[in-house]
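A.B. asks: I'm passing along coords-v7.tsv; it holds TSV, C-alpha atoms.
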```tsv
chain	number	residue	atom	x	y	z
U	1	MET	CA	-20.60	-72.94	87.61
U	2	GLU	CA	-21.87	-72.83	91.16
U	3	THR	CA	-25.60	-73.46	91.48
U	4	ALA	CA	-28.11	-72.59	94.14
U	5	THR	CA	-29.70	-75.28	96.27
U	6	ALA	CA	-33.37	-75.43	97.11
U	7	SER	CA	-32.85	-73.62	100.37
U	8	SER	CA	-30.23	-71.00	101.01
U	9	SER	CA	-30.03	-72.14	104.64
U	10	SER	CA	-28.49	-75.41	103.41
U	11	SER	CA	-26.20	-73.81	100.84
U	12	PRO	CA	-22.46	-74.60	100.93
U	13	ALA	CA	-21.78	-71.12	102.29
U	14	SER	CA	-24.16	-71.61	105.24
U	15	ILE	CA	-22.83	-75.11	105.93
U	16	SER	CA	-19.27	-73.75	105.95
U	17	PHE	CA	-20.20	-70.94	108.29
U	18	TYR	CA	-22.05	-73.13	110.79
U	19	ASP	CA	-19.29	-75.76	110.66
U	20	PHE	CA	-16.81	-72.97	111.47
U	21	LEU	CA	-18.94	-71.83	114.41
U	22	ASP	CA	-19.30	-75.40	115.74
U	23	ARG	CA	-15.54	-75.97	115.66
U	24	MET	CA	-14.87	-72.62	117.30
U	25	ARG	CA	-17.22	-73.58	120.14
U	26	ASN	CA	-15.12	-76.67	120.80
U	27	PRO	CA	-13.06	-76.13	123.98
U	28	ALA	CA	-9.96	-77.16	122.03
U	29	SER	CA	-10.24	-74.01	119.90
U	30	LEU	CA	-10.00	-71.59	122.82
U	31	ASP	CA	-6.68	-70.18	121.59
U	32	LEU	CA	-8.16	-69.40	118.15
U	33	VAL	CA	-11.27	-67.83	119.67
U	34	ARG	CA	-9.14	-65.56	121.84
U	35	SER	CA	-7.14	-64.42	118.82
U	36	ILE	CA	-10.29	-63.66	116.82
U	37	LYS	CA	-12.07	-61.77	119.59
U	38	SER	CA	-8.92	-59.88	120.50
U	39	PHE	CA	-8.57	-58.71	116.89
U	40	ILE	CA	-12.20	-57.59	116.69
U	41	VAL	CA	-11.93	-55.60	119.92
U	42	SER	CA	-8.57	-54.03	119.01
U	43	PHE	CA	-9.86	-52.97	115.58
U	44	SER	CA	-12.01	-50.27	117.16
U	45	PHE	CA	-8.94	-48.74	118.85
U	46	TYR	CA	-7.74	-47.32	115.54
U	47	ALA	CA	-9.17	-44.28	113.77
U	48	PRO	CA	-10.96	-45.23	110.53
U	49	ASN	CA	-8.51	-45.46	107.64
U	50	PRO	CA	-9.74	-47.70	104.81
U	51	GLU	CA	-6.34	-48.62	103.37
U	52	SER	CA	-4.77	-49.37	106.77
U	53	ASP	CA	-7.90	-51.18	107.94
U	54	GLY	CA	-7.91	-53.35	104.82
U	55	LYS	CA	-4.26	-54.30	105.22
U	56	ARG	CA	-4.80	-55.07	108.91
U	57	VAL	CA	-7.69	-57.41	108.10
U	58	GLN	CA	-5.85	-59.13	105.23
U	59	ASP	CA	-2.78	-59.71	107.41
U	60	PHE	CA	-5.01	-61.17	110.14
U	61	PHE	CA	-6.63	-63.58	107.67
U	62	LEU	CA	-3.22	-64.79	106.51
U	63	SER	CA	-1.98	-65.37	110.05
U	64	MET	CA	-5.20	-67.15	111.01
U	65	GLU	CA	-5.00	-69.42	107.98
U	66	THR	CA	-1.60	-70.61	109.18
U	67	SER	CA	-2.94	-71.10	112.71
U	68	ILE	CA	-5.96	-73.08	111.48
U	69	ARG	CA	-3.81	-75.34	109.28
U	70	ASP	CA	-1.60	-76.15	112.25
U	71	HIS	CA	-4.47	-76.63	114.71
U	72	PRO	CA	-5.44	-80.15	115.95
U	73	LEU	CA	-9.12	-79.55	115.05
U	74	TRP	CA	-8.09	-79.36	111.39
U	75	ALA	CA	-5.45	-82.08	111.50
U	76	GLY	CA	-5.33	-83.81	108.11
U	77	ALA	CA	-7.86	-81.37	106.65
U	78	SER	CA	-7.88	-80.88	102.89
U	79	ASP	CA	-7.28	-77.52	101.21
U	80	GLU	CA	-11.01	-77.31	100.55
U	81	GLU	CA	-11.82	-77.76	104.25
U	82	ILE	CA	-9.30	-75.10	105.20
U	83	ASP	CA	-10.82	-72.78	102.61
U	84	CYS	CA	-14.29	-73.40	104.08
U	85	ALA	CA	-12.96	-72.51	107.53
U	86	MET	CA	-11.46	-69.29	106.17
U	87	GLU	CA	-14.75	-68.39	104.48
U	88	GLY	CA	-16.45	-68.84	107.84
U	89	LEU	CA	-13.80	-66.71	109.54
U	90	GLU	CA	-14.14	-63.90	106.99
U	91	LYS	CA	-17.92	-63.86	107.34
U	92	TYR	CA	-17.79	-63.87	111.14
U	93	VAL	CA	-15.12	-61.17	111.47
U	94	MET	CA	-16.53	-58.80	108.84
U	95	THR	CA	-20.09	-59.17	110.13
U	96	LYS	CA	-18.87	-58.09	113.56
U	97	LEU	CA	-16.81	-55.22	112.11
U	98	PHE	CA	-19.36	-54.11	109.52
U	99	SER	CA	-20.60	-50.97	111.26
U	100	ARG	CA	-17.00	-49.86	111.77
U	101	ALA	CA	-15.59	-50.84	108.37
U	102	PHE	CA	-18.37	-50.07	105.87
U	103	ALA	CA	-18.58	-46.51	104.52
U	104	CYS	CA	-16.53	-45.33	107.46
U	105	CYS	CA	-15.40	-42.06	105.83
U	106	PRO	CA	-17.58	-39.01	105.09
U	107	ASP	CA	-16.20	-38.99	101.54
U	108	ASP	CA	-17.67	-42.45	100.94
U	109	LEU	CA	-21.15	-41.27	101.83
U	110	ARG	CA	-20.76	-38.18	99.66
U	111	ILE	CA	-19.60	-40.19	96.64
U	112	ASP	CA	-22.42	-42.71	97.13
U	113	GLN	CA	-24.95	-39.88	97.12
U	114	GLU	CA	-23.46	-38.20	94.06
U	115	ILE	CA	-23.47	-41.46	92.08
U	116	ALA	CA	-27.03	-42.28	93.11
U	117	GLU	CA	-28.25	-38.82	92.10
U	118	LYS	CA	-26.49	-38.94	88.74
U	119	ILE	CA	-27.90	-42.39	88.00
U	120	SER	CA	-31.38	-41.18	88.97
U	121	MET	CA	-31.10	-38.45	86.36
U	122	LEU	CA	-29.76	-40.81	83.69
U	123	GLN	CA	-32.62	-43.24	84.34
U	124	THR	CA	-35.13	-40.70	83.03
U	125	PHE	CA	-33.85	-40.71	79.45
U	126	LEU	CA	-30.99	-43.18	78.85
U	127	ARG	CA	-31.81	-45.89	76.32
U	128	PRO	CA	-29.83	-48.95	75.10
U	129	GLU	CA	-29.03	-47.29	71.78
U	130	HIS	CA	-27.21	-44.50	73.62
U	131	LEU	CA	-24.68	-47.14	74.73
U	132	ASP	CA	-24.60	-48.80	71.30
U	133	ILE	CA	-26.02	-52.05	72.68
U	134	PRO	CA	-26.93	-54.34	69.75
U	135	THR	CA	-30.62	-55.11	69.33
U	136	ILE	CA	-29.95	-58.81	69.77
U	137	LEU	CA	-28.75	-58.20	73.34
U	138	ARG	CA	-31.80	-56.16	74.39
U	139	SER	CA	-33.57	-58.76	76.52
U	140	GLU	CA	-35.78	-57.11	79.12
U	141	SER	CA	-36.26	-60.39	81.02
U	142	SER	CA	-32.52	-60.97	81.42
U	143	TRP	CA	-31.85	-57.34	82.23
U	144	LEU	CA	-34.52	-57.29	84.94
U	145	LEU	CA	-33.07	-60.39	86.59
U	146	ALA	CA	-29.55	-58.94	86.42
U	147	GLU	CA	-30.83	-55.70	87.98
U	148	LYS	CA	-32.53	-57.66	90.75
U	149	GLU	CA	-29.35	-59.59	91.57
U	150	LEU	CA	-27.23	-56.44	91.67
U	151	GLY	CA	-29.85	-54.67	93.77
U	152	LYS	CA	-29.35	-57.21	96.57
U	153	ILE	CA	-25.76	-56.14	97.23
U	154	ASN	CA	-26.57	-53.71	100.02
U	155	ALA	CA	-28.63	-56.29	101.94
U	156	HIS	CA	-25.54	-58.31	102.93
U	157	LYS	CA	-22.66	-57.68	105.32
U	158	ALA	CA	-20.11	-60.34	104.33
U	159	PRO	CA	-17.76	-59.41	101.46
U	160	ARG	CA	-18.23	-62.82	99.83
U	161	GLU	CA	-22.01	-62.44	99.69
U	162	LYS	CA	-21.77	-58.93	98.26
U	163	LEU	CA	-19.41	-60.27	95.61
U	164	LEU	CA	-21.85	-63.11	94.85
U	165	CYS	CA	-24.52	-60.51	94.00
U	166	ILE	CA	-22.14	-58.98	91.44
U	167	MET	CA	-21.19	-62.37	90.02
U	168	ASN	CA	-24.81	-63.49	89.68
U	169	CYS	CA	-25.69	-60.25	87.89
U	170	CYS	CA	-22.75	-60.63	85.51
U	171	ARG	CA	-23.48	-64.32	84.88
U	172	VAL	CA	-26.97	-63.42	83.70
U	173	ILE	CA	-25.46	-60.92	81.26
U	174	ASN	CA	-22.79	-63.40	80.17
U	175	ASN	CA	-25.43	-66.05	79.49
U	176	LEU	CA	-27.37	-63.52	77.45
U	177	LEU	CA	-24.29	-62.93	75.30
U	178	LEU	CA	-23.64	-66.66	74.91
U	179	ASN	CA	-27.23	-67.39	73.93
U	180	ALA	CA	-27.18	-64.55	71.41
U	181	SER	CA	-23.98	-65.88	69.86
U	182	MET	CA	-25.45	-69.37	69.49
U	183	SER	CA	-28.96	-68.51	68.36
U	184	GLU	CA	-28.29	-65.56	66.09
U	185	LYS	CA	-24.68	-66.21	65.14
U	186	HIS	CA	-23.74	-62.94	66.81
U	187	VAL	CA	-19.95	-62.63	66.99
U	188	LEU	CA	-19.03	-61.90	70.60
U	189	ALA	CA	-16.84	-58.86	71.08
U	190	GLY	CA	-15.84	-59.61	74.67
U	191	ALA	CA	-15.84	-56.55	76.90
U	192	ASP	CA	-17.10	-54.43	73.99
U	193	ASP	CA	-20.43	-56.27	74.27
U	194	PHE	CA	-20.39	-57.12	77.98
U	195	LEU	CA	-19.49	-53.77	79.54
U	196	PRO	CA	-22.17	-51.60	77.84
U	197	VAL	CA	-24.88	-54.02	78.99
U	198	LEU	CA	-23.46	-54.03	82.53
U	199	ILE	CA	-23.39	-50.22	82.53
U	200	TYR	CA	-27.02	-50.08	81.41
U	201	VAL	CA	-28.10	-52.68	84.01
U	202	THR	CA	-26.23	-50.77	86.74
U	203	ILE	CA	-27.99	-47.53	85.79
U	204	LYS	CA	-31.40	-49.22	85.75
U	205	ALA	CA	-30.74	-50.95	89.09
U	206	ASN	CA	-29.09	-47.96	90.81
U	207	PRO	CA	-27.82	-50.20	93.65
U	208	PRO	CA	-27.60	-48.35	97.00
U	209	GLN	CA	-24.14	-47.23	98.11
U	210	LEU	CA	-22.44	-48.64	95.02
U	211	HIS	CA	-19.10	-46.97	95.72
U	212	SER	CA	-18.97	-48.12	99.34
U	213	ASN	CA	-19.95	-51.69	98.47
U	214	LEU	CA	-17.22	-51.98	95.83
U	215	LYS	CA	-14.67	-50.48	98.20
U	216	PHE	CA	-15.73	-52.85	100.99
U	217	ILE	CA	-15.29	-55.91	98.76
U	218	GLN	CA	-11.93	-54.72	97.48
U	219	LEU	CA	-10.59	-54.09	100.98
U	220	TYR	CA	-12.03	-57.00	102.94
U	221	ARG	CA	-12.65	-59.92	100.57
U	222	ARG	CA	-9.71	-62.31	100.96
U	223	GLN	CA	-7.28	-61.49	98.17
U	224	ALA	CA	-6.89	-65.16	97.27
U	225	LYS	CA	-10.58	-65.19	96.32
U	226	LEU	CA	-10.51	-62.06	94.14
U	227	THR	CA	-9.13	-63.95	91.16
U	228	SER	CA	-10.31	-65.53	87.92
U	229	GLU	CA	-14.06	-65.13	87.23
U	230	ALA	CA	-14.70	-63.14	90.42
U	231	ALA	CA	-11.91	-60.68	89.62
U	232	TYR	CA	-13.11	-60.26	86.02
U	233	TYR	CA	-16.70	-59.49	86.97
U	234	PHE	CA	-15.69	-57.27	89.89
U	235	THR	CA	-13.27	-55.28	87.70
U	236	ASN	CA	-15.99	-54.79	85.09
U	237	LEU	CA	-18.41	-53.35	87.66
U	238	VAL	CA	-15.67	-51.03	88.93
U	239	SER	CA	-15.18	-49.91	85.32
U	240	ALA	CA	-18.94	-49.44	84.93
U	241	LYS	CA	-19.03	-47.26	88.04
U	242	SER	CA	-16.10	-45.15	86.78
U	243	PHE	CA	-17.81	-44.74	83.40
U	244	ILE	CA	-20.99	-43.51	85.08
U	245	VAL	CA	-19.10	-41.09	87.33
U	246	ASP	CA	-17.28	-39.54	84.34
U	247	LEU	CA	-20.18	-39.86	81.90
U	248	HIS	CA	-20.96	-36.88	79.67
U	249	ALA	CA	-22.54	-36.30	76.27
U	250	LYS	CA	-19.50	-37.47	74.33
U	251	SER	CA	-19.52	-40.76	76.26
U	252	LEU	CA	-22.83	-41.67	74.61
U	253	SER	CA	-24.34	-41.84	71.15
U	254	ILE	CA	-26.51	-38.80	71.74
U	255	ASP	CA	-26.59	-35.20	70.64
U	256	GLU	CA	-24.77	-33.01	73.13
U	257	ILE	CA	-27.57	-30.44	73.33
U	258	GLU	CA	-30.16	-33.17	73.82
U	259	PHE	CA	-28.07	-34.71	76.59
U	260	GLU	CA	-27.69	-31.42	78.45
U	261	GLU	CA	-31.40	-30.64	78.11
U	262	ASN	CA	-32.36	-34.08	79.40
U	263	MET	CA	-30.00	-33.80	82.37
U	264	GLN	CA	-31.38	-30.36	83.21
U	265	VAL	CA	-34.96	-31.59	83.02
U	266	ALA	CA	-34.10	-34.63	85.15
U	267	LYS	CA	-32.42	-32.40	87.70
U	268	LEU	CA	-35.54	-30.26	87.99
U	269	ALA	CA	-37.79	-33.32	88.21
U	270	ASN	CA	-35.66	-35.01	90.89
U	271	LYS	CA	-35.11	-31.85	92.91
U	272	VAL	CA	-36.39	-32.16	96.49
U	273	PRO	CA	-37.96	-28.87	97.60
U	274	ASP	CA	-36.55	-27.27	100.74
U	275	GLU	CA	-38.85	-26.15	103.50
U	276	ASP	CA	-39.51	-22.43	103.32
U	277	PRO	CA	-39.39	-20.99	106.85
U	278	CYS	CA	-41.36	-17.91	105.72
U	279	PRO	CA	-44.12	-19.07	103.35
U	280	THR	CA	-45.76	-16.45	101.16
U	281	ARG	CA	-49.14	-16.55	99.49
U	282	ASP	CA	-50.35	-19.96	98.27
U	283	GLY	CA	-48.47	-21.12	95.20
U	284	GLU	CA	-45.67	-18.59	95.35
U	285	ASP	CA	-43.47	-20.45	97.85
U	286	GLY	CA	-43.99	-23.77	96.01
U	287	LEU	CA	-43.11	-22.15	92.68
U	288	ARG	CA	-39.95	-20.65	94.14
U	289	ARG	CA	-38.86	-24.03	95.53
U	290	GLU	CA	-39.66	-25.98	92.36
U	291	THR	CA	-38.24	-23.62	89.77
U	292	GLY	CA	-35.96	-21.19	91.52
U	293	VAL	CA	-38.16	-18.35	90.22
U	294	GLY	CA	-38.83	-15.59	92.72
U	295	THR	CA	-42.25	-14.33	93.77
U	296	PHE	CA	-44.02	-12.28	91.11
U	297	THR	CA	-46.19	-9.36	92.19
U	298	ALA	CA	-47.28	-6.24	90.36
U	299	MET	CA	-44.83	-4.23	92.45
U	300	ASN	CA	-41.64	-6.30	92.26
U	301	PHE	CA	-42.35	-7.26	88.64
U	302	LYS	CA	-41.47	-3.70	87.59
U	303	GLU	CA	-38.40	-3.70	89.78
U	304	ARG	CA	-36.80	-6.68	88.03
U	305	SER	CA	-34.29	-6.07	85.30
U	306	ASN	CA	-34.91	-7.32	81.77
U	307	SER	CA	-32.12	-9.88	82.12
U	308	GLY	CA	-33.56	-11.19	85.37
U	309	LEU	CA	-37.01	-11.63	83.82
U	310	GLN	CA	-35.52	-13.37	80.81
U	311	TYR	CA	-33.70	-15.85	83.10
U	312	SER	CA	-36.86	-16.54	85.10
U	313	PHE	CA	-38.99	-17.10	82.04
U	314	ASN	CA	-36.32	-19.33	80.54
U	315	ASN	CA	-36.59	-21.54	83.64
U	316	LEU	CA	-40.35	-21.72	83.19
U	317	PHE	CA	-39.88	-22.55	79.52
U	318	GLU	CA	-37.61	-25.46	80.47
U	319	LEU	CA	-40.38	-26.80	82.68
U	320	ALA	CA	-42.82	-26.58	79.80
U	321	LYS	CA	-40.41	-28.51	77.58
U	322	MET	CA	-40.28	-31.23	80.19
U	323	HIS	CA	-43.99	-31.95	79.66
U	324	MET	CA	-43.34	-33.05	76.11
U	325	ILE	CA	-40.19	-35.04	76.97
U	326	VAL	CA	-41.92	-36.98	79.75
U	327	THR	CA	-45.30	-37.59	78.11
U	328	GLY	CA	-44.61	-37.25	74.40
U	329	SER	CA	-47.76	-35.15	73.91
U	330	PRO	CA	-48.21	-31.41	73.34
U	331	TYR	CA	-49.06	-29.11	76.24
U	332	PRO	CA	-49.95	-25.47	76.45
U	333	PHE	CA	-46.97	-23.17	75.96
U	334	MET	CA	-45.01	-25.80	74.01
U	335	GLN	CA	-44.75	-23.49	71.01
U	336	ALA	CA	-44.23	-20.41	73.16
U	337	GLU	CA	-41.01	-18.49	73.49
U	338	ALA	CA	-39.77	-17.04	76.78
U	339	ARG	CA	-40.67	-13.56	75.69
U	340	ASP	CA	-44.28	-14.66	75.06
U	341	LEU	CA	-44.94	-15.64	78.67
U	342	THR	CA	-46.69	-13.33	81.09
U	343	VAL	CA	-46.96	-13.20	84.85
U	344	GLY	CA	-50.45	-14.61	84.56
U	345	ASP	CA	-49.04	-17.82	83.02
U	346	VAL	CA	-46.97	-18.69	86.10
U	347	GLU	CA	-49.76	-20.34	88.10
U	348	ARG	CA	-50.93	-22.46	85.17
U	349	LEU	CA	-47.39	-23.58	84.32
U	350	LEU	CA	-46.81	-24.66	87.90
U	351	ARG	CA	-50.05	-26.64	87.98
U	352	LEU	CA	-49.23	-28.40	84.70
U	353	TYR	CA	-45.72	-29.17	85.88
U	354	LYS	CA	-46.91	-30.78	89.13
U	355	ASP	CA	-49.52	-32.80	87.24
U	356	VAL	CA	-46.99	-34.24	84.80
U	357	VAL	CA	-44.45	-35.08	87.49
U	358	ASP	CA	-47.12	-36.85	89.59
U	359	LYS	CA	-48.24	-38.95	86.63
U	360	TYR	CA	-44.67	-39.78	85.63
U	361	THR	CA	-43.75	-40.82	89.18
U	362	ASN	CA	-46.84	-43.01	89.54
U	363	LEU	CA	-46.19	-44.66	86.17
U	364	CYS	CA	-42.58	-45.46	87.10
U	365	THR	CA	-43.67	-46.93	90.43
U	366	ALA	CA	-46.34	-49.09	88.79
U	367	TYR	CA	-43.88	-50.33	86.18
U	368	ARG	CA	-41.31	-51.32	88.81
U	369	HIS	CA	-43.92	-53.23	90.82
U	370	LEU	CA	-45.13	-54.99	87.67
U	371	ALA	CA	-41.61	-55.99	86.65
U	372	SER	CA	-40.83	-57.23	90.16
U	373	SER	CA	-44.03	-59.30	90.40
U	374	LYS	CA	-43.31	-60.93	87.04
U	375	LEU	CA	-39.87	-61.97	88.25
U	376	GLU	CA	-41.18	-63.30	91.56
U	377	SER	CA	-43.88	-65.39	89.86
U	378	GLY	CA	-41.41	-67.01	87.47
U	379	HIS	CA	-42.76	-65.09	84.48
U	380	PHE	CA	-39.44	-65.47	82.69
U	381	LYS	CA	-39.08	-69.19	83.22
U	382	GLY	CA	-37.28	-70.80	80.32
U	383	SER	CA	-35.37	-67.70	79.28
U	384	THR	CA	-31.78	-66.84	80.09
U	385	ALA	CA	-33.19	-65.27	83.26
U	386	SER	CA	-34.17	-68.68	84.63
U	387	CYS	CA	-30.59	-69.78	85.26
U	388	CYS	CA	-29.84	-70.68	88.85
U	389	TYR	CA	-26.80	-69.29	90.63
U	390	GLU	CA	-25.44	-69.57	94.10
U	391	GLN	CA	-27.46	-67.24	96.26
U	392	PRO	CA	-26.41	-65.38	99.40
U	393	GLU	CA	-28.39	-66.11	102.54
U	394	THR	CA	-32.00	-64.99	102.96
U	395	SER	CA	-32.91	-62.19	105.37
U	396	VAL	CA	-33.96	-64.73	108.03
U	397	SER	CA	-30.69	-66.64	107.92
U	398	ARG	CA	-28.75	-63.35	107.77
U	399	GLN	CA	-30.35	-62.17	111.01
U	400	ARG	CA	-29.55	-65.48	112.65
U	401	GLU	CA	-25.94	-65.42	111.44
U	402	ASP	CA	-25.38	-61.76	112.36
U	403	GLY	CA	-26.15	-62.64	115.96
U	404	ALA	CA	-24.05	-65.82	115.99
U	405	ASP	CA	-21.11	-65.94	118.35
U	406	ILE	CA	-18.28	-68.27	119.29
```
Please re-express this file's structure in structure tokens.

C.D. replies:
Amino acid sequence: METATASSSSSPASISFYDFLDRMRNPASLDLVRSIKSFIVSFSFYAPNPESDGKRVQDFFLSMETSIRDHPLWAGASDEEIDCAMEGLEKYVMTKLFSRAFACCPDDLRIDQEIAEKISMLQTFLRPEHLDIPTILRSESSWLLAEKELGKINAHKAPREKLLCIMNCCRVINNLLLNASMSEKHVLAGADDFLPVLIYVTIKANPPQLHSNLKFIQLYRRQAKLTSEAAYYFTNLVSAKSFIVDLHAKSLSIDEIEFEENMQVAKLANKVPDEDPCPTRDGEDGLRRETGVGTFTAMNFKERSNSGLQYSFNNLFELAKMHMIVTGSPYPFMQAEARDLTVGDVERLLRLYKDVVDKYTNLCTAYRHLASSKLESGHFKGSTASCCYEQPETSVSRQREDGADI
């Protein structure tokens, strides 16, 4: 297993990249430099097409590998040295092409947004038992570290470093399974144990632009490197993403009605209010944005049909139910039926709803900060979360490498 060194700036990946740059700056490599820069410039001549772009890059890597093997600067070089040069080439080329190659289609951005929104809703109620994760595998310390590793994926531009984030996340989970099997004599069930934990970690982490990052790795990571352990972990995360996209009540161990109610409540809680260009009296415009309920006045109240009123009060009743789901304590109107509500209850319901959402949001924020600080301070030292893995470059070294040229 690859391990991290004390400083990421001296990691094998960084050494390979800077060795590649040094050799490319040698006057003897002028022909290689011209080929690389010509490819980067010509890439922008084509309209974005992920499949064609990926094939073009993979073909270029193959041709450059042959050129590097035959070049005097690598005369007598071992396969490992050639591989290091190709890792440097991939990082250099894809860093330069990142803005053109990553999430280059409108559909990618749309899918990223849809996945992120669905995960945000699932985060509000999904628990390990809904995915049938055995109690023995419910290690908060390991899960938090795995989430942290996966959450780094969007901070990198090179396909290899994005893939490393996935591998480090999956290695934490794999170690958790191995430790459980040794300490508690838990019989490993392979993917049946691994995948549910990875799905849960992915939902808790909600990594930015998950779809685009997976697509970028699949298209631009050298195919010779997407094998063995890397391919297994990558394929599992692709499967986790697909599961989340298609997830519904029957995908989980949860009552279908409970699932739909939780998703509806989460949708209301996560809804971002639109700006109202024509605000009405205080409270009415906010209520309309938050609940979809129209303005109530003595005049238009009488003009509404019975069915319309029933729908509006049902929406308010759903908001009242959310108070109990979020806080676990009774609130006014919890025992009320839609038909029991009056126009005079609207203002109070809105106030209670805003209060609960504010408290819930603040609690979630505080919990995330607490979990993050515990990880940073080595709180989980000695657990499965303390394992060291090869780490992508830090933000400082990334900035330096992004600006590197040959």

A.B. asks: Have a look at U:Val93, U:Glu80, U:Ala336, U:Asp358 and name the one nearest to Val41 (chain U); count only C-alpha atoms.

C.D. replies: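 Once distances to Val41 (chain U) are computed over only C-alpha atoms, the minimum belongs to U:Val93.
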
A.B. asks: Please compute the CA of Val238 (chain U)-CA of Arg160 (chain U) distance, one decimal, in Å.

C.D. replies: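 These atoms are spaced 16.3 Å apart.
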
A.B. asks: Extract, using only C-alpha atoms, all DNA, RNA and protein residues at most 12 Å from Asp112 (chain U), discarding same-chain residues fewer than 3 positions from it, and format them as a PDB file with C-alpha atoms, in the frame of the given file.

C.D. replies:
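File written: selection_17.pdb
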```pdb
ATOM      1  CA  ALA U 103     -18.580 -46.510 104.520  1.00  0.00           C
ATOM      2  CA  CYS U 105     -15.400 -42.060 105.830  1.00  0.00           C
ATOM      3  CA  PRO U 106     -17.580 -39.010 105.090  1.00  0.00           C
ATOM      4  CA  ASP U 107     -16.200 -38.990 101.540  1.00  0.00           C
ATOM      5  CA  ASP U 108     -17.670 -42.450 100.940  1.00  0.00           C
ATOM      6  CA  LEU U 109     -21.150 -41.270 101.830  1.00  0.00           C
ATOM      7  CA  ILE U 115     -23.470 -41.460  92.080  1.00  0.00           C
ATOM      8  CA  ALA U 116     -27.030 -42.280  93.110  1.00  0.00           C
ATOM      9  CA  GLU U 117     -28.250 -38.820  92.100  1.00  0.00           C
ATOM     10  CA  LYS U 118     -26.490 -38.940  88.740  1.00  0.00           C
ATOM     11  CA  ILE U 119     -27.900 -42.390  88.000  1.00  0.00           C
ATOM     12  CA  ASN U 206     -29.090 -47.960  90.810  1.00  0.00           C
ATOM     13  CA  PRO U 207     -27.820 -50.200  93.650  1.00  0.00           C
ATOM     14  CA  PRO U 208     -27.600 -48.350  97.000  1.00  0.00           C
ATOM     15  CA  GLN U 209     -24.140 -47.230  98.110  1.00  0.00           C
ATOM     16  CA  LEU U 210     -22.440 -48.640  95.020  1.00  0.00           C
ATOM     17  CA  HIS U 211     -19.100 -46.970  95.720  1.00  0.00           C
ATOM     18  CA  SER U 212     -18.970 -48.120  99.340  1.00  0.00           C
ATOM     19  CA  ASN U 213     -19.950 -51.690  98.470  1.00  0.00           C
ATOM     20  CA  LEU U 214     -17.220 -51.980  95.830  1.00  0.00           C
ATOM     21  CA  LYS U 215     -14.670 -50.480  98.200  1.00  0.00           C
ATOM     22  CA  LYS U 241     -19.030 -47.260  88.040  1.00  0.00           C
ATOM     23  CA  VAL U 245     -19.100 -41.090  87.330  1.00  0.00           C
TER      24      VAL U 245
END
```

A.B. asks: Pick the closest to Tyr92 (chain U) from U:Ala158, U:Asp345, U:Ser228, U:Ile199: which is it, counting all atoms listed in the file?

C.D. replies: U:Ala158

A.B. asks: Counting only C-alpha atoms, what is within 8 Å of region 62-68 of chain U, bar same-chain residues fewer than 4 positions away, as a PyMOL selection string?

C.D. replies: chain U and resi 32+58+74+82+86

A.B. asks: With all atoms listed in the file as the basis for distance, which of U:Pro72, U:Pro159, U:Gly151, U:Pro128 is at the shortest distance from Tyr200 (chain U)?

C.D. replies: U:Pro128

A.B. asks: In Å, how far is it from CA of Pro134 (chain U) to CA of Lys204 (chain U)?

C.D. replies: 17.4 Å

A.B. asks: Any idea what's packed within 12 Å of Arg222 (chain U), counting all atoms listed in the file, ignoring anything in its chain fewer than 2 positions away? Could you give it as a JSON list (two decimals) with C-alpha atoms, keeping the file's coordinate frame?

C.D. replies:
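The result, stored in out36.json:
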```json
[["chain", "number", "residue", "atom", "x", "y", "z"],
["U", 54, "GLY", "CA", -7.91, -53.35, 104.82],
["U", 55, "LYS", "CA", -4.26, -54.30, 105.22],
["U", 56, "ARG", "CA", -4.80, -55.07, 108.91],
["U", 57, "VAL", "CA", -7.69, -57.41, 108.10],
["U", 58, "GLN", "CA", -5.85, -59.13, 105.23],
["U", 59, "ASP", "CA", -2.78, -59.71, 107.41],
["U", 60, "PHE", "CA", -5.01, -61.17, 110.14],
["U", 61, "PHE", "CA", -6.63, -63.58, 107.67],
["U", 62, "LEU", "CA", -3.22, -64.79, 106.51],
["U", 65, "GLU", "CA", -5.00, -69.42, 107.98],
["U", 83, "ASP", "CA", -10.82, -72.78, 102.61],
["U", 86, "MET", "CA", -11.46, -69.29, 106.17],
["U", 87, "GLU", "CA", -14.75, -68.39, 104.48],
["U", 88, "GLY", "CA", -16.45, -68.84, 107.84],
["U", 89, "LEU", "CA", -13.80, -66.71, 109.54],
["U", 90, "GLU", "CA", -14.14, -63.90, 106.99],
["U", 91, "LYS", "CA", -17.92, -63.86, 107.34],
["U", 93, "VAL", "CA", -15.12, -61.17, 111.47],
["U", 94, "MET", "CA", -16.53, -58.80, 108.84],
["U", 158, "ALA", "CA", -20.11, -60.34, 104.33],
["U", 159, "PRO", "CA", -17.76, -59.41, 101.46],
["U", 160, "ARG", "CA", -18.23, -62.82, 99.83],
["U", 163, "LEU", "CA", -19.41, -60.27, 95.61],
["U", 216, "PHE", "CA", -15.73, -52.85, 100.99],
["U", 217, "ILE", "CA", -15.29, -55.91, 98.76],
["U", 218, "GLN", "CA", -11.93, -54.72, 97.48],
["U", 219, "LEU", "CA", -10.59, -54.09, 100.98],
["U", 220, "TYR", "CA", -12.03, -57.00, 102.94],
["U", 224, "ALA", "CA", -6.89, -65.16, 97.27],
["U", 225, "LYS", "CA", -10.58, -65.19, 96.32],
["U", 226, "LEU", "CA", -10.51, -62.06, 94.14],
["U", 227, "THR", "CA", -9.13, -63.95, 91.16],
["U", 230, "ALA", "CA", -14.70, -63.14, 90.42],
["U", 231, "ALA", "CA", -11.91, -60.68, 89.62]]
```

A.B. asks: Please, what distance in Å, to one decimal, runs between CA of Cys170 (chain U) and CA of Ala205 (chain U)?

C.D. replies: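 CA of Ala205 (chain U) lies 13.1 Å from CA of Cys170 (chain U).
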